[in-house]
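The next block is coords26.txt, given as compact mmCIF, C-alpha atoms.
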# COMPACT_ATOMS: atom_id res chain seq x y z
CA ALA B 1 0.00 0.00 0.00
CA THR B 2 1.07 3.55 -0.61
CA ARG B 3 0.19 6.56 1.50
CA SER B 4 -0.16 10.27 0.97
CA PRO B 5 -0.18 13.09 3.54
CA PHE B 6 -3.98 13.18 3.36
CA ARG B 7 -5.88 11.75 6.30
CA TYR B 8 -8.72 10.41 4.18
CA GLY B 9 -8.61 6.64 3.70
CA ALA B 10 -8.57 5.56 0.09
CA LEU B 11 -7.82 2.75 -2.28
CA PRO B 12 -7.32 4.52 -5.60
CA ALA B 13 -6.53 2.93 -8.99
CA SER B 14 -8.72 2.26 -11.99
CA SER B 15 -11.83 1.61 -9.87
CA CYS B 16 -10.97 1.06 -6.23
CA ILE B 17 -12.17 1.86 -2.73
CA GLN B 18 -11.85 5.04 -0.71
CA SER B 19 -13.09 6.30 2.62
CA TYR B 20 -12.97 9.34 4.92
CA PRO B 21 -11.27 10.04 7.21
CA GLU B 22 -8.15 7.83 7.30
CA ARG B 23 -5.13 7.31 5.08
CA TRP B 24 -4.54 6.85 1.38
CA PHE B 25 -4.14 3.27 0.20
CA SER B 26 -3.68 1.94 -3.31
CA PHE B 27 -4.12 -1.28 -5.26
CA PRO B 28 -5.87 -2.23 -8.52
CA ALA B 29 -9.50 -3.24 -8.21
CA THR B 30 -10.16 -4.16 -11.83
CA SER B 31 -8.66 -7.60 -11.27
CA LEU B 32 -10.79 -10.58 -10.33
CA TYR B 33 -7.75 -11.98 -8.56
CA PRO B 34 -6.28 -10.80 -5.26
CA PRO B 35 -3.42 -8.30 -5.76
CA ALA B 36 -0.83 -10.91 -4.79
CA GLN B 37 -1.93 -13.09 -7.71
CA ALA B 38 -2.95 -10.48 -10.22
CA GLY B 39 0.30 -9.38 -11.86
CA LYS B 40 0.24 -6.10 -13.74
CA LEU B 41 -2.97 -4.23 -14.38
CA GLY B 42 -4.30 -5.13 -17.81
CA GLU B 43 -2.87 -8.66 -17.80
CA ILE B 44 -5.85 -10.24 -16.04
CA PRO B 45 -7.97 -12.59 -18.18
CA ARG B 46 -11.53 -11.38 -18.56
CA GLY B 47 -14.71 -13.35 -17.90
CA LEU B 48 -13.40 -15.25 -14.90
CA ALA B 49 -15.55 -16.06 -11.90
CA LEU B 50 -14.99 -14.09 -8.72
CA GLU B 51 -12.69 -15.99 -6.40
CA ARG B 52 -12.47 -15.18 -2.71
CA ARG B 53 -8.99 -14.83 -1.28
CA SER B 54 -8.18 -17.89 0.80
CA THR B 55 -6.22 -15.92 3.39
CA MET B 56 -9.24 -13.76 4.06
CA SER B 57 -11.66 -16.52 4.86
CA ASN B 58 -11.77 -20.28 5.20
CA GLY B 59 -15.47 -20.20 4.32
CA THR B 60 -18.39 -20.51 6.64
CA THR B 61 -19.05 -23.75 8.44
CA PRO B 62 -22.01 -25.84 7.23
CA THR B 63 -23.67 -25.54 10.63
CA ALA B 64 -23.34 -21.75 10.72
CA PHE B 65 -24.72 -21.32 7.20
CA THR B 66 -27.59 -23.72 7.86
CA ALA B 67 -28.52 -21.72 10.95
CA LEU B 68 -28.39 -18.43 9.03
CA LEU B 69 -30.41 -19.82 6.14
CA SER B 70 -33.01 -21.07 8.59
CA SER B 71 -33.24 -17.59 10.10
CA VAL B 72 -33.63 -16.00 6.66
CA LYS B 73 -36.39 -18.48 5.79
CA ARG B 74 -38.21 -17.53 8.98
CA ILE B 75 -37.78 -13.81 8.28
CA THR B 76 -39.04 -14.35 4.74
CA ALA B 77 -42.22 -16.04 5.90
CA GLU B 78 -42.97 -14.05 9.04
CA VAL B 79 -41.72 -10.56 8.18
CA ALA B 80 -40.85 -9.97 4.51
CA ALA B 81 -43.88 -11.67 2.95
CA ALA B 82 -46.24 -10.05 5.44
CA ALA B 83 -44.99 -6.56 4.55
CA ALA B 84 -44.31 -7.05 0.82
CA ALA B 85 -47.64 -5.74 -0.50
CA ASP B 86 -47.46 -2.58 1.61
CA VAL B 87 -43.80 -2.05 0.75
CA ASP B 88 -44.55 -2.16 -2.98
CA ALA B 89 -47.88 -0.30 -2.88
CA ASN B 90 -46.39 2.60 -0.92
CA ALA B 91 -42.89 2.45 -2.42
CA ARG B 92 -41.45 2.39 1.08
CA PHE B 93 -38.25 0.94 2.44
CA PRO B 94 -38.71 -2.51 4.05
CA HIS B 95 -37.51 -1.41 7.49
CA GLU B 96 -38.93 -4.38 9.34
CA THR B 97 -37.22 -6.92 7.09
CA ILE B 98 -33.82 -5.21 7.21
CA ASP B 99 -34.11 -4.86 10.99
CA ALA B 100 -34.86 -8.58 11.24
CA LEU B 101 -31.85 -9.38 9.04
CA ARG B 102 -29.71 -7.24 11.34
CA GLN B 103 -30.92 -9.18 14.36
CA ALA B 104 -30.03 -12.43 12.57
CA GLN B 105 -26.52 -11.09 11.76
CA ALA B 106 -27.29 -11.63 8.08
CA LEU B 107 -25.79 -8.35 6.86
CA SER B 108 -22.26 -9.51 7.68
CA ALA B 109 -22.54 -12.87 5.89
CA PRO B 110 -19.87 -11.99 3.24
CA VAL B 111 -17.35 -10.71 5.80
CA PRO B 112 -14.39 -13.12 6.26
CA ARG B 113 -14.47 -15.26 9.37
CA GLU B 114 -11.19 -13.80 10.59
CA LEU B 115 -12.98 -10.45 10.88
CA GLY B 116 -15.99 -11.91 12.66
CA GLY B 117 -18.27 -12.63 9.69
CA LEU B 118 -19.46 -15.96 8.33
CA GLY B 119 -17.30 -15.88 5.20
CA CYS B 120 -20.16 -17.05 2.98
CA ASP B 121 -19.27 -17.77 -0.63
CA MET B 122 -21.17 -16.51 -3.67
CA ARG B 123 -23.44 -19.54 -3.93
CA GLN B 124 -24.43 -19.19 -0.29
CA LEU B 125 -25.06 -15.46 -0.64
CA ALA B 126 -27.17 -16.13 -3.72
CA GLU B 127 -29.20 -18.71 -1.80
CA LEU B 128 -29.87 -16.22 1.00
CA CYS B 129 -31.05 -13.61 -1.51
CA SER B 130 -33.19 -16.01 -3.54
CA THR B 131 -34.80 -17.27 -0.33
CA LEU B 132 -35.71 -13.74 0.73
CA ALA B 133 -36.99 -12.94 -2.77
CA GLN B 134 -39.73 -15.54 -2.35
CA GLY B 135 -41.29 -13.25 0.22
CA CYS B 136 -40.33 -9.74 -0.95
CA GLY B 137 -38.49 -8.86 -4.14
CA SER B 138 -37.51 -5.40 -2.93
CA SER B 139 -35.99 -6.75 0.29
CA ALA B 140 -34.00 -9.31 -1.68
CA MET B 141 -32.71 -6.63 -4.06
CA VAL B 142 -31.56 -4.51 -1.12
CA LEU B 143 -29.80 -7.49 0.45
CA ALA B 144 -28.14 -8.46 -2.85
CA MET B 145 -26.88 -4.93 -3.50
CA HIS B 146 -25.59 -4.70 0.07
CA TYR B 147 -23.77 -8.02 -0.32
CA ILE B 148 -22.10 -6.74 -3.51
CA GLN B 149 -20.69 -3.74 -1.64
CA VAL B 150 -19.51 -5.79 1.33
CA ALA B 151 -17.95 -8.45 -0.91
CA CYS B 152 -16.14 -5.76 -2.90
CA MET B 153 -14.73 -4.27 0.29
CA ALA B 154 -13.76 -7.68 1.69
CA ARG B 155 -12.13 -8.67 -1.57
CA HIS B 156 -10.23 -5.50 -2.40
CA GLY B 157 -9.82 -3.89 1.00
CA HIS B 158 -8.03 -6.77 2.70
CA GLY B 159 -4.68 -4.96 2.66
CA SER B 160 -6.00 -1.86 4.42
CA ALA B 161 -6.16 -1.72 8.20
CA PHE B 162 -8.88 0.91 7.87
CA PHE B 163 -11.18 -1.28 5.80
CA ARG B 164 -10.49 -4.38 7.86
CA ASN B 165 -11.50 -2.39 10.92
CA TYR B 166 -14.58 -1.11 9.11
CA LEU B 167 -15.61 -4.66 8.19
CA HIS B 168 -15.16 -5.70 11.81
CA GLU B 169 -17.34 -2.74 12.80
CA LEU B 170 -19.92 -3.81 10.20
CA VAL B 171 -20.10 -7.23 11.85
CA GLN B 172 -20.65 -5.66 15.27
CA GLN B 173 -23.19 -3.03 14.19
CA GLN B 174 -24.64 -4.67 11.07
CA HIS B 175 -24.22 -1.60 8.86
CA LEU B 176 -26.22 -1.47 5.63
CA LEU B 177 -24.15 -0.39 2.61
CA ALA B 178 -25.51 1.16 -0.59
CA SER B 179 -23.80 2.23 -3.81
CA MET B 180 -23.86 5.26 -6.07
CA THR B 181 -22.38 4.43 -9.48
CA SER B 182 -24.77 6.08 -11.95
CA GLU B 183 -24.30 9.73 -12.82
CA VAL B 184 -26.09 12.39 -14.82
CA GLY B 185 -24.16 12.87 -18.06
CA THR B 186 -22.39 9.50 -18.33
CA PHE B 187 -25.36 7.83 -20.05
CA GLY B 188 -25.06 4.63 -18.05
CA GLU B 189 -21.30 4.21 -18.48
CA THR B 190 -20.33 3.24 -14.95
CA ARG B 191 -16.64 2.96 -15.82
CA SER B 192 -16.54 6.70 -16.44
CA SER B 193 -17.13 9.51 -13.97
CA ILE B 194 -17.70 13.24 -14.23
CA CYS B 195 -17.50 14.05 -10.53
CA ALA B 196 -14.15 14.03 -8.75
CA ILE B 197 -12.65 14.29 -5.31
CA GLU B 198 -11.29 17.80 -4.88
CA TYR B 199 -8.71 18.81 -2.30
CA GLN B 200 -7.70 22.18 -0.88
CA GLY B 201 -4.89 21.46 1.52
CA ALA B 202 -6.33 19.07 4.08
CA GLU B 203 -9.89 19.77 2.99
CA PHE B 204 -11.85 17.53 0.65
CA GLN B 205 -15.14 17.79 -1.20
CA LEU B 206 -17.07 15.22 -3.18
CA VAL B 207 -20.25 16.14 -5.03
CA LYS B 208 -22.09 13.67 -7.26
CA ASP B 209 -25.33 14.03 -9.20
CA ALA B 210 -26.58 10.44 -9.48
CA THR B 211 -29.47 9.27 -11.64
CA THR B 212 -30.34 6.57 -9.10
CA GLY B 213 -29.37 5.81 -5.52
CA SER B 214 -31.03 2.63 -4.31
CA TYR B 215 -31.90 2.89 -0.59
CA CYS B 216 -29.13 5.48 -0.12
CA ALA B 217 -31.41 7.47 2.17
CA TYR B 218 -31.60 4.49 4.53
CA ALA B 219 -28.01 3.22 4.39
CA ASP B 220 -25.23 3.52 6.96
CA GLY B 221 -22.67 4.13 4.24
CA ILE B 222 -22.42 4.51 0.47
CA LEU B 223 -19.74 3.38 -1.97
CA VAL B 224 -19.48 6.14 -4.58
CA THR B 225 -17.59 6.07 -7.89
CA CYS B 226 -15.78 9.25 -8.94
CA ARG B 227 -12.59 10.47 -10.59
CA ARG B 228 -9.40 10.25 -8.57
CA ALA B 229 -8.81 14.02 -8.79
CA ALA B 230 -10.14 17.09 -10.57
CA ASP B 231 -7.55 16.73 -13.35
CA ALA B 232 -7.98 12.96 -13.75
CA PRO B 233 -9.52 11.50 -16.92
CA ALA B 234 -13.05 10.09 -16.78
CA SER B 235 -11.79 6.50 -16.63
CA ASP B 236 -9.37 7.08 -13.73
CA GLN B 237 -11.84 6.21 -11.01
CA VAL B 238 -11.86 5.54 -7.31
CA LEU B 239 -14.62 3.99 -5.25
CA VAL B 240 -15.31 6.10 -2.17
CA LEU B 241 -16.83 4.99 1.11
CA VAL B 242 -18.81 7.86 2.63
CA ARG B 243 -20.28 7.21 6.06
CA LYS B 244 -23.62 8.28 7.47
CA GLY B 245 -23.41 11.65 9.15
CA ARG B 246 -20.63 12.85 6.84
CA TYR B 247 -22.70 13.43 3.71
CA SER B 248 -26.00 14.94 2.65
CA LEU B 249 -28.49 13.75 0.03
CA ALA B 250 -30.89 15.93 -1.94
CA GLN B 251 -33.46 13.97 -3.95
CA THR B 252 -33.54 15.11 -7.58
CA SER B 253 -35.95 12.69 -9.27
CA SER B 254 -38.31 9.77 -8.70
CA TRP B 255 -38.42 6.31 -10.21
CA ASP B 256 -41.44 4.01 -10.14
CA THR B 257 -39.49 0.75 -10.18
CA LEU B 258 -42.18 -1.83 -10.99
CA GLY B 259 -41.99 -4.80 -8.66
CA MET B 260 -39.16 -3.42 -6.56
CA ARG B 261 -40.45 -0.04 -5.45
CA GLY B 262 -39.19 -0.77 -1.94
CA THR B 263 -35.59 -0.39 -3.11
CA CYS B 264 -36.31 3.38 -3.02
CA SER B 265 -34.15 4.30 -6.02
CA PRO B 266 -34.64 7.97 -6.94
CA GLY B 267 -31.92 10.28 -8.16
CA PHE B 268 -29.81 12.08 -5.55
CA LYS B 269 -27.25 14.83 -5.38
CA LEU B 270 -24.68 13.78 -2.83
CA GLN B 271 -22.37 16.19 -1.04
CA SER B 272 -19.56 15.11 1.24
CA SER B 273 -16.88 17.35 2.65
CA GLY B 274 -14.68 17.72 5.69
CA SER B 275 -11.20 18.36 7.01
Encoding of this model in structure tokens:
Amino acid sequence: ATRSPFRYGALPASSCIQSYPERWFSFPATSLYPPAQAGKLGEIPRGLALERRSTMSNGTTPTAFTALLSSVKRITAEVAAAAAADVDANARFPHETIDALRQAQALSAPVPRELGGLGCDMRQLAELCSTLAQGCGSSAMVLAMHYIQVACMARHGHGSAFFRNYLHELVQQQHLLASMTSEVGTFGETRSSICAIEYQGAEFQLVKDATTGSYCAYADGILVTCRRAADAPASDQVLVLVRKGRYSLAQTSSWDTLGMRGTCSPGFKLQSSGS
């Protein structure tokens, strides 16, 4: 890892992870392999399945996963299914289902066991989501998107003490993570960004005008794509972790997402700044 004088934690490269406030870390995130196995950026074969790093997790035990799956089945039948019609009819966030998942420690399922999670693999995570989807599609979409963010952090943030600590905190507090990758003006090209992190001495500012922000208003943190710096090209991206209480959201549009209205996915303008 490399560090800069800035106190804001980051993992820059061509699509990586960043967070405030901590240190600056760097490694490539375009690779499907862990950095130790990846070689040079651009030499990684495309189309390969995501492989979890063995040193990060030995995988969940069958007993632990069976117990979690049983809990998710119960939540699906008793909570998610019971609220699904109201969630969709009123386009509201499925608070009761997410709260129940928190109680069951389901939100930390992708976190490696060494950090306190279950270390579930992709098949197991998919089974948890598909089980929940039988009761409420919106709840399952929220859980799947959250798992994507956590898995990305667990996969690519393993070399950062900051992100390892954050994942441990996620296990303890069952944080819900959202993402903000779309942007007005990029026409759906998520590998390009218009917005950028801007620095003035030890001050930073990040402003993003996103076309959609699924459940961002209800999340404990958001992973946001942006350019590495104001003078960086559109493709030189970082993925930024902004934490609840350190950003503001202004809704800019609405989106009647048929069948998954409970994901609450309008457009937002995000502002995050600090020192």
When you look at Gly59 (chain B) with a cut-off of 8 Å (counting all atoms listed in the file), what residues show up, excluding the ones that are within fewer than 2 positions of it in the same chain? I need them as a PDB file with C-alpha atoms, keeping the file's coordinate frame.
ATOM      1  CA  SER B  57     -11.660 -16.520   4.860  1.00  0.00           C
ATOM      2  CA  THR B  61     -19.050 -23.750   8.440  1.00  0.00           C
ATOM      3  CA  PRO B 112     -14.390 -13.120   6.260  1.00  0.00           C
ATOM      4  CA  ARG B 113     -14.470 -15.260   9.370  1.00  0.00           C
ATOM      5  CA  LEU B 118     -19.460 -15.960   8.330  1.00  0.00           C
ATOM      6  CA  GLY B 119     -17.300 -15.880   5.200  1.00  0.00           C
ATOM      7  CA  CYS B 120     -20.160 -17.050   2.980  1.00  0.00           C
ATOM      8  CA  ASP B 121     -19.270 -17.770  -0.630  1.00  0.00           C
TER       9      ASP B 121
END
Notebook entry, point to check: So which residues touch Cys195 (chain B) within 6 Å, counting only C-alpha atoms, skipping near sequence neighbours fewer than 2 positions away, as a PyMOL selection string?
Noted result: chain B and resi 193+208+226
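Atom pair CA of Leu241 (chain B) / CA of Ile75 (chain B): separated by 29.0 Å.
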Checklist line | Protein and nucleic acid residues near (-28.2, 8.3, 0.7) (cut-off 8 Å, all atoms listed in the file) as number ranges by chain | finding: B: 178, 213, 215-219, 221-222, 248-249, 268, 270
Atoms kept (C-alpha atoms) for selection, written as a short mmCIF file (atom, residue, chain, number, x, y, z; two decimals), in the frame of the given file:
data_model
loop_
_atom_site.label_atom_id
_atom_site.label_comp_id
_atom_site.auth_asym_id
_atom_site.auth_seq_id
_atom_site.Cartn_x
_atom_site.Cartn_y
_atom_site.Cartn_z
CA ALA B 178 -25.51 1.16 -0.59
CA GLY B 213 -29.37 5.81 -5.52
CA TYR B 215 -31.90 2.89 -0.59
CA CYS B 216 -29.13 5.48 -0.12
CA ALA B 217 -31.41 7.47 2.17
CA TYR B 218 -31.60 4.49 4.53
CA ALA B 219 -28.01 3.22 4.39
CA GLY B 221 -22.67 4.13 4.24
CA ILE B 222 -22.42 4.51 0.47
CA SER B 248 -26.00 14.94 2.65
CA LEU B 249 -28.49 13.75 0.03
CA PHE B 268 -29.81 12.08 -5.55
CA LEU B 270 -24.68 13.78 -2.83
#
Item checked: Computed interatomic separation between CA of Arg191 (chain B) and CA of Ala234 (chain B) (Å) ->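 The value is 8.0 Å.
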Next item on the list: Mind listing whatever residues come within 7 Å of the point (-16.1, 5.8, -3.8)? Use only C-alpha atoms, file coordinates, and give them as a ChimeraX atom specification.
Entry: /B:17-18,223-226,238-241
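Residue neighbourhood of Ala89 (chain B), excluding near-sequence residues (fewer than 6 positions): B:Gly259, B:Met260, B:Arg261, B:Gly262, at 10 Å, using all atoms listed in the file.
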Margin query: Neighbouring residues of region 141-151 of chain B were defined as those with any atom within 8 Å, considering only C-alpha atoms; residues of the same chain fewer than 6 positions away were excluded. Please report them as a ChimeraX atom specification.
Written below: /B:107-111,125-126,129,133,167,176-179,214-215,223,260,263
Notebook entry, point to check: In Å, how far is it from CA of Ser192 (chain B) to CA of Val242 (chain B)?
Noted result: 19.2 Å
Next item on the list: Determine, counting all atoms listed in the file, which protein, DNA and RNA residues have an atom within 8 Å of an atom of Thr190 (chain B); residues of the same chain fewer than 5 positions away are not included. Present the result as a list in words.
Entry: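 Once the adjacent positions are removed, what remains is Thr181, Ser182 and Glu183 of chain B.
Among B:Gly245, B:Gln173, B:Leu128, B:Ala81, the residue with the shortest atom-to-atom distance to Pro94 (chain B), counting only C-alpha atoms, is B:Ala81.
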Next item on the list: Could you tell me which of B:Leu170, B:Ala229, B:Met180, B:Cys136 comes closest to Glu198 (chain B) if we count all atoms listed in the file?
Entry: B:Ala229
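Nearest to Tyr166 (chain B) of all the residues B:Lys269, B:Arg243, B:His95, B:Arg74 is B:Arg243, counting only C-alpha atoms.
Among the candidates B:Leu206, B:Ala196, B:Ala91, B:Leu115, the residue lying nearest to Pro266 (chain B) is B:Ala91 (atoms considered: all atoms listed in the file).
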